[in-house]
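Printed here is structure01.pdb (PDB, C-alpha atoms and all ligand atoms):
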```pdb
ATOM      1  CA  MET A   1     104.542 109.532  76.400  1.00  0.00           C
ATOM      2  CA  ARG A   2     103.438 111.525  73.362  1.00  0.00           C
ATOM      3  CA  GLN A   3      99.836 111.507  72.275  1.00  0.00           C
ATOM      4  CA  GLY A   4      98.946 112.384  68.746  1.00  0.00           C
ATOM      5  CA  LYS A   5      99.697 115.215  66.405  1.00  0.00           C
ATOM      6  CA  GLY A   6      97.475 117.709  68.172  1.00  0.00           C
ATOM      7  CA  GLY A   7      99.620 117.448  71.268  1.00  0.00           C
ATOM      8  CA  ASN A   8     102.779 117.851  69.263  1.00  0.00           C
ATOM      9  CA  HIS A   9     101.448 120.942  67.635  1.00  0.00           C
ATOM     10  CA  ARG A  10     100.477 122.554  70.894  1.00  0.00           C
ATOM     11  CA  HIS A  11     103.733 121.624  72.416  1.00  0.00           C
ATOM     12  CA  ALA A  12     105.692 123.165  69.599  1.00  0.00           C
ATOM     13  CA  ASP A  13     105.179 126.384  71.530  1.00  0.00           C
ATOM     14  CA  PHE A  14     107.675 125.178  74.068  1.00  0.00           C
ATOM     15  CA  ILE A  15     110.422 125.491  71.475  1.00  0.00           C
ATOM     16  CA  HIS A  16     110.140 129.210  72.010  1.00  0.00           C
ATOM     17  CA  ILE A  17     111.447 128.797  75.518  1.00  0.00           C
ATOM     18  CA  SER A  18     114.782 127.652  74.222  1.00  0.00           C
ATOM     19  CA  THR A  19     114.912 129.963  71.252  1.00  0.00           C
ATOM     20  CA  PHE A  20     114.038 132.969  73.364  1.00  0.00           C
ATOM     21  CA  THR A  21     111.345 134.453  71.183  1.00  0.00           C
ATOM     22  CA  GLY A  22     109.855 135.695  74.399  1.00  0.00           C
ATOM     23  CA  ILE A  23     108.040 134.384  77.380  1.00  0.00           C
ATOM     24  CA  LYS A  24     104.709 135.726  76.132  1.00  0.00           C
ATOM     25  CA  ASP A  25     104.671 132.914  73.581  1.00  0.00           C
ATOM     26  CA  ILE A  26     104.705 130.147  76.137  1.00  0.00           C
ATOM     27  CA  THR A  27     101.403 128.379  76.440  1.00  0.00           C
ATOM     28  CA  HIS A  28     100.475 126.032  79.160  1.00  0.00           C
ATOM     29  CA  SER A  29      97.749 124.141  80.861  1.00  0.00           C
ATOM     30  CA  ASP A  30      95.886 126.232  83.381  1.00  0.00           C
ATOM     31  CA  ASN A  31      95.069 123.432  85.734  1.00  0.00           C
ATOM     32  CA  GLY A  32      98.041 121.099  85.735  1.00  0.00           C
ATOM     33  CA  ILE A  33     101.711 121.471  86.534  1.00  0.00           C
ATOM     34  CA  GLY A  34     104.663 119.094  86.336  1.00  0.00           C
ATOM     35  CA  ILE A  35     107.544 119.454  88.765  1.00  0.00           C
ATOM     36  CA  ASP A  36     111.080 118.191  88.332  1.00  0.00           C
ATOM     37  CA  PHE A  37     113.129 117.972  91.512  1.00  0.00           C
ATOM     38  CA  GLY A  38     116.808 118.440  90.886  1.00  0.00           C
ATOM     39  CA  ILE A  39     120.180 119.037  92.382  1.00  0.00           C
ATOM     40  CA  LYS A  40     121.016 122.201  90.486  1.00  0.00           C
ATOM     41  CA  SER A  41     117.643 123.834  90.890  1.00  0.00           C
ATOM     42  CA  SER A  42     115.501 122.503  93.642  1.00  0.00           C
ATOM     43  CA  LEU A  43     112.284 122.633  91.616  1.00  0.00           C
ATOM     44  CA  THR A  44     111.630 123.238  87.935  1.00  0.00           C
ATOM     45  CA  LEU A  45     107.966 123.711  87.053  1.00  0.00           C
ATOM     46  CA  SER A  46     106.610 122.814  83.626  1.00  0.00           C
ATOM     47  CA  ASN A  47     105.471 126.429  83.209  1.00  0.00           C
ATOM     48  CA  GLY A  48     109.110 127.510  83.141  1.00  0.00           C
ATOM     49  CA  ILE A  49     109.504 128.683  86.725  1.00  0.00           C
ATOM     50  CA  ILE A  50     112.553 127.508  88.668  1.00  0.00           C
ATOM     51  CA  ILE A  51     112.533 127.627  92.453  1.00  0.00           C
ATOM     52  CA  ASN A  52     115.714 127.364  94.481  1.00  0.00           C
ATOM     53  CA  GLU A  53     115.509 127.057  98.204  1.00  0.00           C
ATOM     54  CA  ASP A  54     118.339 126.859 100.647  1.00  0.00           C
ATOM     55  CA  ILE A  55     118.498 127.857 104.277  1.00  0.00           C
ATOM     56  CA  PRO A  56     122.119 128.249 105.313  1.00  0.00           C
ATOM     57  CA  LEU A  57     123.274 127.651 108.856  1.00  0.00           C
ATOM     58  CA  THR A  58     122.865 130.896 110.784  1.00  0.00           C
ATOM     59  CA  GLY A  59     125.947 132.805 111.912  1.00  0.00           C
ATOM     60  CA  LYS A  60     124.807 132.159 115.443  1.00  0.00           C
ATOM     61  CA  ALA A  61     124.768 128.384 114.889  1.00  0.00           C
ATOM     62  CA  ILE A  62     128.279 128.456 113.408  1.00  0.00           C
ATOM     63  CA  LYS A  63     129.518 130.519 116.367  1.00  0.00           C
ATOM     64  CA  LEU A  64     127.907 128.096 118.823  1.00  0.00           C
ATOM     65  CA  HIS A  65     129.488 125.123 117.061  1.00  0.00           C
ATOM     66  CA  LYS A  66     132.907 126.707 117.528  1.00  0.00           C
ATOM     67  CA  GLU A  67     132.122 127.550 121.129  1.00  0.00           C
ATOM     68  CA  LEU A  68     131.035 123.982 121.802  1.00  0.00           C
ATOM     69  CA  SER A  69     134.281 122.564 120.432  1.00  0.00           C
ATOM     70  CA  ARG A  70     136.248 124.795 122.823  1.00  0.00           C
ATOM     71  CA  ARG A  71     134.317 123.659 125.903  1.00  0.00           C
ATOM     72  CA  LYS A  72     135.276 120.705 128.041  1.00  0.00           C
ATOM     73  CA  GLN A  73     133.045 117.837 126.912  1.00  0.00           C
ATOM     74  CA  HIS A  74     130.160 117.111 129.305  1.00  0.00           C
ATOM     75  CA  GLY A  75     131.206 120.041 131.484  1.00  0.00           C
ATOM     76  CA  LYS A  76     128.671 122.551 132.806  1.00  0.00           C
ATOM     77  CA  ASN A  77     129.473 125.135 130.117  1.00  0.00           C
ATOM     78  CA  TRP A  78     129.501 122.495 127.388  1.00  0.00           C
ATOM     79  CA  TYR A  79     125.887 121.622 128.231  1.00  0.00           C
ATOM     80  CA  LYS A  80     124.973 125.301 128.367  1.00  0.00           C
ATOM     81  CA  THR A  81     126.307 125.833 124.844  1.00  0.00           C
ATOM     82  CA  LEU A  82     124.722 122.597 123.610  1.00  0.00           C
ATOM     83  CA  ASN A  83     121.345 123.828 124.851  1.00  0.00           C
ATOM     84  CA  LYS A  84     121.769 127.108 123.018  1.00  0.00           C
ATOM     85  CA  LEU A  85     122.778 125.232 119.877  1.00  0.00           C
ATOM     86  CA  ASN A  86     119.719 122.973 120.050  1.00  0.00           C
ATOM     87  CA  LYS A  87     117.518 126.038 120.396  1.00  0.00           C
ATOM     88  CA  GLU A  88     119.145 127.590 117.343  1.00  0.00           C
ATOM     89  CA  TYR A  89     118.585 124.403 115.332  1.00  0.00           C
ATOM     90  CA  LYS A  90     114.939 124.365 116.379  1.00  0.00           C
ATOM     91  CA  TYR A  91     114.660 127.919 115.091  1.00  0.00           C
ATOM     92  CA  ILE A  92     116.304 126.985 111.765  1.00  0.00           C
ATOM     93  CA  THR A  93     114.015 123.954 111.375  1.00  0.00           C
ATOM     94  CA  GLN A  94     110.969 126.087 112.063  1.00  0.00           C
ATOM     95  CA  LYS A  95     112.083 128.635 109.504  1.00  0.00           C
ATOM     96  CA  LYS A  96     112.554 125.881 106.971  1.00  0.00           C
ATOM     97  CA  LYS A  97     109.092 124.418 107.657  1.00  0.00           C
ATOM     98  CA  ASP A  98     107.603 127.841 107.192  1.00  0.00           C
ATOM     99  CA  GLU A  99     109.340 128.247 103.824  1.00  0.00           C
ATOM    100  CA  ILE A 100     108.278 124.806 102.625  1.00  0.00           C
ATOM    101  CA  ASN A 101     104.712 125.672 103.590  1.00  0.00           C
ATOM    102  CA  LYS A 102     104.757 128.856 101.560  1.00  0.00           C
ATOM    103  CA  ILE A 103     106.255 127.185  98.477  1.00  0.00           C
ATOM    104  CA  VAL A 104     103.849 124.250  98.613  1.00  0.00           C
ATOM    105  CA  ASN A 105     100.822 126.475  99.252  1.00  0.00           C
ATOM    106  CA  ILE A 106     101.366 128.684  96.242  1.00  0.00           C
ATOM    107  CA  ILE A 107     101.753 125.618  94.015  1.00  0.00           C
ATOM    108  CA  THR A 108      98.746 123.739  95.401  1.00  0.00           C
ATOM    109  CA  ASN A 109      96.590 126.878  95.352  1.00  0.00           C
ATOM    110  CA  SER A 110      97.516 127.670  91.763  1.00  0.00           C
ATOM    111  CA  PHE A 111      97.135 124.244  90.159  1.00  0.00           C
ATOM    112  CA  GLU A 112      94.561 121.508  90.446  1.00  0.00           C
ATOM    113  CA  THR A 113      96.725 118.632  89.215  1.00  0.00           C
ATOM    114  CA  ILE A 114     100.288 118.397  90.408  1.00  0.00           C
ATOM    115  CA  ALA A 115     102.546 115.783  88.839  1.00  0.00           C
ATOM    116  CA  PHE A 116     106.003 114.905  90.092  1.00  0.00           C
ATOM    117  CA  GLN A 117     108.300 111.954  90.168  1.00  0.00           C
ATOM    118  CA  ASN A 118     108.896 109.788  93.174  1.00  0.00           C
ATOM    119  CA  ASP A 119     112.624 110.469  93.104  1.00  0.00           C
ATOM    120  CA  PRO A 120     114.980 108.431  95.258  1.00  0.00           C
ATOM    121  CA  ILE A 121     115.995 111.269  97.567  1.00  0.00           C
ATOM    122  CA  LYS A 122     117.856 108.895  99.865  1.00  0.00           C
ATOM    123  CA  GLY A 123     120.056 107.719  97.004  1.00  0.00           C
ATOM    124  CA  TRP A 124     120.746 111.336  96.135  1.00  0.00           C
ATOM    125  CA  MET A 125     121.800 111.995  99.700  1.00  0.00           C
ATOM    126  CA  ARG A 126     124.466 109.340  99.420  1.00  0.00           C
ATOM    127  CA  LEU A 127     125.621 110.787  96.133  1.00  0.00           C
ATOM    128  CA  TRP A 128     125.449 114.462  96.936  1.00  0.00           C
ATOM    129  CA  GLY A 129     125.588 114.544 100.718  1.00  0.00           C
ATOM    130  CA  ARG A 130     125.002 117.881 102.375  1.00  0.00           C
ATOM    131  CA  LYS A 131     123.907 119.648  99.244  1.00  0.00           C
ATOM    132  CA  ILE A 132     120.644 117.703  99.401  1.00  0.00           C
ATOM    133  CA  ARG A 133     120.297 117.628 103.146  1.00  0.00           C
ATOM    134  CA  GLY A 134     120.544 121.420 103.199  1.00  0.00           C
ATOM    135  CA  SER A 135     117.690 121.711 100.751  1.00  0.00           C
ATOM    136  CA  ALA A 136     114.079 121.009 101.515  1.00  0.00           C
ATOM    137  CA  ILE A 137     113.207 118.731  98.615  1.00  0.00           C
ATOM    138  CA  GLY A 138     112.058 115.799 100.752  1.00  0.00           C
ATOM    139  CA  GLY A 139     109.769 117.983 102.851  1.00  0.00           C
ATOM    140  CA  ILE A 140     108.351 119.711  99.794  1.00  0.00           C
ATOM    141  CA  MET A 141     107.583 116.376  98.161  1.00  0.00           C
ATOM    142  CA  ASP A 142     105.787 115.037 101.231  1.00  0.00           C
ATOM    143  CA  ASP A 143     103.729 118.201 101.594  1.00  0.00           C
ATOM    144  CA  LEU A 144     102.811 118.227  97.912  1.00  0.00           C
ATOM    145  CA  LYS A 145     101.478 114.687  98.219  1.00  0.00           C
ATOM    146  CA  ARG A 146      99.410 115.711 101.219  1.00  0.00           C
ATOM    147  CA  LYS A 147      98.102 119.061 100.073  1.00  0.00           C
ATOM    148  CA  SER A 148      97.446 118.755  96.328  1.00  0.00           C
ATOM    149  CA  ARG A 149      93.884 118.289  95.265  1.00  0.00           C
ATOM    150  CA  THR A 150      95.032 115.817  92.606  1.00  0.00           C
ATOM    151  CA  PRO A 151      98.585 114.621  93.212  1.00  0.00           C
ATOM    152  CA  LYS A 152     100.003 112.431  90.438  1.00  0.00           C
ATOM    153  CA  VAL A 153     103.190 110.621  91.249  1.00  0.00           C
ATOM    154  CA  VAL A 154     105.240 109.355  88.312  1.00  0.00           C
ATOM    155  CA  PRO A 155     106.851 106.007  89.192  1.00  0.00           C
ATOM    156  CA  ARG A 156     110.466 106.074  90.248  1.00  0.00           C
ATOM    157  CA  TYR A 157     113.017 105.430  87.481  1.00  0.00           C
ATOM    158  CA  THR A 158     110.684 106.559  84.696  1.00  0.00           C
ATOM    159  CA  PRO A 159     113.248 108.048  82.289  1.00  0.00           C
ATOM    160  CA  THR A 160     111.654 111.512  82.183  1.00  0.00           C
ATOM    161  CA  SER A 161     114.907 113.377  81.585  1.00  0.00           C
ATOM    162  CA  GLN A 162     115.767 111.162  78.587  1.00  0.00           C
ATOM    163  CA  VAL A 163     112.557 111.651  76.619  1.00  0.00           C
ATOM    164  CA  CYS A 164     111.949 114.611  74.310  1.00  0.00           C
ATOM    165  CA  SER A 165     108.903 116.552  75.508  1.00  0.00           C
ATOM    166  CA  ILE A 166     107.927 117.362  71.925  1.00  0.00           C
ATOM    167  CA  CYS A 167     108.433 114.239  69.811  1.00  0.00           C
ATOM    168  CA  GLY A 168     108.946 111.501  72.412  1.00  0.00           C
ATOM    169  CA  HIS A 169     112.381 110.495  71.103  1.00  0.00           C
ATOM    170  CA  ARG A 170     114.502 108.869  73.805  1.00  0.00           C
ATOM    171  CA  GLN A 171     118.221 109.452  74.167  1.00  0.00           C
ATOM    172  CA  LYS A 172     120.918 109.081  76.806  1.00  0.00           C
ATOM    173  CA  MET A 173     121.295 112.100  79.069  1.00  0.00           C
ATOM    174  CA  PRO A 174     124.376 112.044  81.292  1.00  0.00           C
ATOM    175  CA  LEU A 175     123.856 114.071  84.475  1.00  0.00           C
ATOM    176  CA  LYS A 176     126.341 116.744  83.418  1.00  0.00           C
ATOM    177  CA  GLU A 177     124.281 117.481  80.290  1.00  0.00           C
ATOM    178  CA  ARG A 178     122.202 120.498  81.298  1.00  0.00           C
ATOM    179  CA  THR A 179     120.466 120.977  77.958  1.00  0.00           C
ATOM    180  CA  PHE A 180     118.303 118.489  76.128  1.00  0.00           C
ATOM    181  CA  ASN A 181     119.129 118.703  72.445  1.00  0.00           C
ATOM    182  CA  CYS A 182     116.819 116.227  70.729  1.00  0.00           C
ATOM    183  CA  GLY A 183     118.528 114.030  68.166  1.00  0.00           C
ATOM    184  CA  SER A 184     115.243 113.602  66.309  1.00  0.00           C
ATOM    185  CA  CYS A 185     113.315 116.892  66.236  1.00  0.00           C
ATOM    186  CA  ASN A 186     116.178 119.209  67.248  1.00  0.00           C
ATOM    187  CA  LEU A 187     114.390 120.602  70.295  1.00  0.00           C
ATOM    188  CA  TYR A 188     116.833 122.598  72.389  1.00  0.00           C
ATOM    189  CA  ILE A 189     115.564 122.982  75.912  1.00  0.00           C
ATOM    190  CA  ASP A 190     116.725 123.137  79.520  1.00  0.00           C
ATOM    191  CA  ARG A 191     117.135 119.585  80.827  1.00  0.00           C
ATOM    192  CA  ASP A 192     114.962 120.037  83.917  1.00  0.00           C
ATOM    193  CA  LEU A 193     112.242 121.930  82.065  1.00  0.00           C
ATOM    194  CA  ASN A 194     112.053 119.115  79.506  1.00  0.00           C
ATOM    195  CA  ALA A 195     111.721 116.601  82.354  1.00  0.00           C
ATOM    196  CA  SER A 196     109.008 118.600  84.129  1.00  0.00           C
ATOM    197  CA  ILE A 197     106.924 118.765  80.933  1.00  0.00           C
ATOM    198  CA  ASP A 198     107.404 115.002  80.491  1.00  0.00           C
ATOM    199  CA  ILE A 199     106.298 114.424  84.063  1.00  0.00           C
ATOM    200  CA  LEU A 200     103.083 116.392  83.522  1.00  0.00           C
ATOM    201  CA  GLU A 201     102.349 114.611  80.250  1.00  0.00           C
ATOM    202  CA  TYR A 202     103.086 111.226  81.714  1.00  0.00           C
ATOM    203  CA  MET A 203     100.275 111.689  84.210  1.00  0.00           C
ATOM    204  CA  VAL A 204      97.895 113.898  82.248  1.00  0.00           C
ATOM    205  CA  PRO A 205      97.485 112.816  78.605  1.00  0.00           C
ATOM    206  CA  VAL A 206      97.879 115.792  76.318  1.00  0.00           C
ATOM    207  CA  GLU A 207      94.397 115.396  74.807  1.00  0.00           C
ATOM    208  CA  HIS A 208      92.933 115.857  78.268  1.00  0.00           C
ATOM    209  CA  MET A 209      94.766 119.090  78.864  1.00  0.00           C
ATOM    210  CA  GLU A 210      93.266 122.417  78.061  1.00  0.00           C
ATOM    211  CA  TYR A 211      95.922 124.710  76.725  1.00  0.00           C
ATOM    212  CA  THR A 212      95.419 128.401  77.010  1.00  0.00           C
ATOM    213  CA  PRO A 213      97.885 131.232  76.615  1.00  0.00           C
ATOM    214  CA  MET A 214      99.991 131.347  79.714  1.00  0.00           C
ATOM    215  CA  GLY A 215      98.743 133.840  82.228  1.00  0.00           C
ATOM    216  CA  ILE A 216     101.970 135.788  82.185  1.00  0.00           C
ATOM    217  CA  LYS A 217     100.724 138.192  84.832  1.00  0.00           C
ATOM    218  CA  ALA A 218      99.813 135.339  87.140  1.00  0.00           C
ATOM    219  CA  TYR A 219     103.172 133.649  86.681  1.00  0.00           C
ATOM    220  CA  THR A 220     105.125 136.855  87.120  1.00  0.00           C
ATOM    221  CA  SER A 221     103.318 137.514  90.363  1.00  0.00           C
ATOM    222  CA  MET A 222     104.020 133.901  91.387  1.00  0.00           C
ATOM    223  CA  VAL A 223     107.738 134.477  90.853  1.00  0.00           C
ATOM    224  CA  ARG A 224     107.546 137.776  92.707  1.00  0.00           C
ATOM    225  CA  TYR A 225     105.775 136.126  95.633  1.00  0.00           C
ATOM    226  CA  LEU A 226     108.296 133.269  95.777  1.00  0.00           C
ATOM    227  CA  ASN A 227     111.173 135.756  95.811  1.00  0.00           C
ATOM    228  CA  SER A 228     109.623 137.494  98.795  1.00  0.00           C
ATOM    229  CA  ILE A 229     110.192 134.333 100.855  1.00  0.00           C
ATOM    230  CA  PRO A 230     113.585 134.542 102.578  1.00  0.00           C
ATOM    231  CA  CYS A 231     116.200 132.101 101.220  1.00  0.00           C
ATOM    232  CA  VAL A 232     114.067 131.348  98.146  1.00  0.00           C
ATOM    233  CA  LYS A 233     115.114 132.389  94.658  1.00  0.00           C
ATOM    234  CA  ALA A 234     112.694 132.035  91.780  1.00  0.00           C
ATOM    235  CA  SER A 235     113.057 132.922  88.111  1.00  0.00           C
ATOM    236  CA  PHE A 236     111.905 131.868  84.679  1.00  0.00           C
ATOM    237  CA  VAL A 237     114.003 129.238  82.989  1.00  0.00           C
ATOM    238  CA  VAL A 238     114.440 131.563  79.985  1.00  0.00           C
ATOM    239  CA  ASP A 239     116.522 133.882  82.121  1.00  0.00           C
ATOM    240  CA  ILE A 240     119.251 131.309  82.581  1.00  0.00           C
ATOM    241  CA  GLY A 241     118.187 129.182  79.661  1.00  0.00           C
ATOM    242  CA  SER A 242     119.902 127.019  77.121  1.00  0.00           C
ATOM    243  CA  PHE A 243     122.154 129.660  75.635  1.00  0.00           C
ATOM    244  CA  THR A 244     123.797 130.343  78.955  1.00  0.00           C
ATOM    245  CA  ALA A 245     124.389 126.625  79.245  1.00  0.00           C
ATOM    246  CA  LEU A 246     126.142 126.700  75.888  1.00  0.00           C
ATOM    247  CA  ALA A 247     128.573 129.455  76.837  1.00  0.00           C
TER     248      ALA A 247
HETATM  249 ZN    ZN A 301     112.308 115.600  69.862  1.00  0.00          ZN
END
```
As structure tokens, what does this structure read like?
Ligand SMILES: [Zn+2]
Amino acid sequence: MRQGKGGNHRHADFIHISTFTGIKDITHSDNGIGIDFGIKSSLTLSNGIIINEDIPLTGKAIKLHKELSRRKQHGKNWYKTLNKLNKEYKYITQKKKDEINKIVNIITNSFETIAFQNDPIKGWMRLWGRKIRGSAIGGIMDDLKRKSRTPKVVPRYTPTSQVCSICGHRQKMPLKERTFNCGSCNLYIDRDLNASIDILEYMVPVEHMEYTPMGIKAYTSMVRYLNSIPCVKASFVVDIGSFTALA
């Protein structure tokens, strides 16, 4: 996954993410982005932005569920409530679609090449149940494939979370391990961020990437925009970074 010393050198800048010398030091490709889909954070971008999205059931839907359980099954009022509940679910689904659209649009408008892994969402559903179903990962993935100018899909089961994004060293990473602490080069980095960088590099060889100082203004405004979408929380991985994971 690693290509040459030049790439290593450029990537050394990523160490700063985990040592908190400041986000201004992060450098990244202008035209490509890697995305790691996860349980803890819905999306981690290789530029250090984490996006969490979750639309909870509305209070109205919960109330209607209770009402429905009180009604006599298949009675006139039961059907009345069921109709109302279906309408509410349609509204929630629409809201979710709208959010997915906004998230996908800002990513596809900002980056030419978008790399992500073809993760087995269905397997996750069995493992994690409602936590996944409540999130929009599947929809986001489908839309990214459709809307990116250059979508790059990393094959399923590529061990992106086990490979160091700086030196390429591979080590076991149990799911509970939230920080990647490289046994070879000592890199200390958020697990999902490490994976997202790997994903980008897997599809776009480092020597083909043009690295320029990260447009901090652009990324800050990206985070601000994402946070303006209801039920979406976005931040930089440094904010909740490795040290928090240690505590
Ligand atoms: Zn390493």
Residue by residue, what does the PyMOL selection byres (((not hetatm)) within 8 of (chain A and resi 301)) grab here? Present the result as a PDB file with C-alpha atoms, in the coordinates of the input.
```pdb
ATOM      1  CA  VAL A 163     112.557 111.651  76.619  1.00  0.00           C
ATOM      2  CA  CYS A 164     111.949 114.611  74.310  1.00  0.00           C
ATOM      3  CA  SER A 165     108.903 116.552  75.508  1.00  0.00           C
ATOM      4  CA  ILE A 166     107.927 117.362  71.925  1.00  0.00           C
ATOM      5  CA  CYS A 167     108.433 114.239  69.811  1.00  0.00           C
ATOM      6  CA  GLY A 168     108.946 111.501  72.412  1.00  0.00           C
ATOM      7  CA  HIS A 169     112.381 110.495  71.103  1.00  0.00           C
ATOM      8  CA  ASN A 181     119.129 118.703  72.445  1.00  0.00           C
ATOM      9  CA  CYS A 182     116.819 116.227  70.729  1.00  0.00           C
ATOM     10  CA  GLY A 183     118.528 114.030  68.166  1.00  0.00           C
ATOM     11  CA  SER A 184     115.243 113.602  66.309  1.00  0.00           C
ATOM     12  CA  CYS A 185     113.315 116.892  66.236  1.00  0.00           C
ATOM     13  CA  ASN A 186     116.178 119.209  67.248  1.00  0.00           C
ATOM     14  CA  LEU A 187     114.390 120.602  70.295  1.00  0.00           C
TER      15      LEU A 187
END
```
Test item: the PyMOL selection byres (((chain A and resi 35) around 8) and not hetatm) resolved as a list in words = Ile33, Gly34, Asp36, Phe37, Leu43, Thr44, Leu45, Ser46, Ile114, Ala115, Phe116, Gln117, Ser196, Ile197, Ile199 and Leu200 of chain A
task = Go through A:Lys176, A:Arg146, A:Arg191, A:Lys102 one by one, measure the shortest atom-to-atom distance of each to Cys231 (chain A) using only C-alpha atoms, and give the residue with the smallest value.
result = A:Lys102
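You can rank A:Thr81, A:Asn118, A:Ser221, A:Asn227 by their closest distance to Ser69 (chain A) using all atoms listed in the file, and at the top of that list sits A:Thr81.
Within the file as shown, the PyMOL selection byres (((chain A and resi 171) around 6) and not hetatm) identifies Gln162, Arg170 and Lys172 of chain A.
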request  = Using all atoms listed in the file, determine which residues lie at most 9 Å from Gly139 (chain A), disregarding the query and same-chain residues fewer than 5 positions distant; provide the list as a ChimeraX atom specification.
outcome  = /A:97,100,144
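Across A:Lys63, A:Arg149, A:Arg224, A:Arg178, the tightest approach to Glu88 (chain A) is made by A:Lys63 when counting all atoms listed in the file.
For the atom pair formed by CA of Asn52 (chain A) and CA of Asn105 (chain A), the distance is 15.7 Å, given to one decimal.
CA of Ile137 (chain A) is positioned 18.3 Å from CA of Gly48 (chain A).
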query = CA of Ser42 (chain A) and CA of Ile140 (chain A), how far apart in Å?
reply = 9.8 Å
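Nearest residue to Lys152 (chain A), choosing from A:Val204, A:Met222, A:Ile51, A:Leu85 and counting all atoms listed in the file: A:Val204.
Between Tyr225 (chain A) and the residues A:Tyr79, A:Gly38, A:Ile107, A:Met173, the shortest atom-to-atom distance, using all atoms listed in the file, involves A:Ile107.
Around Arg71 (chain A), within 10 Å and counting all atoms listed in the file, the residues found are Lys66, Lys76, Asn77, Trp78, Tyr79, Lys80, Thr81 and Leu82 of chain A, once anything fewer than 5 positions away on its own chain is removed.
Shortest atom-to-atom contact with Pro174 (chain A) among A:Val223, A:Pro159, A:Ser110, A:His65: A:Pro159, counting all atoms listed in the file.
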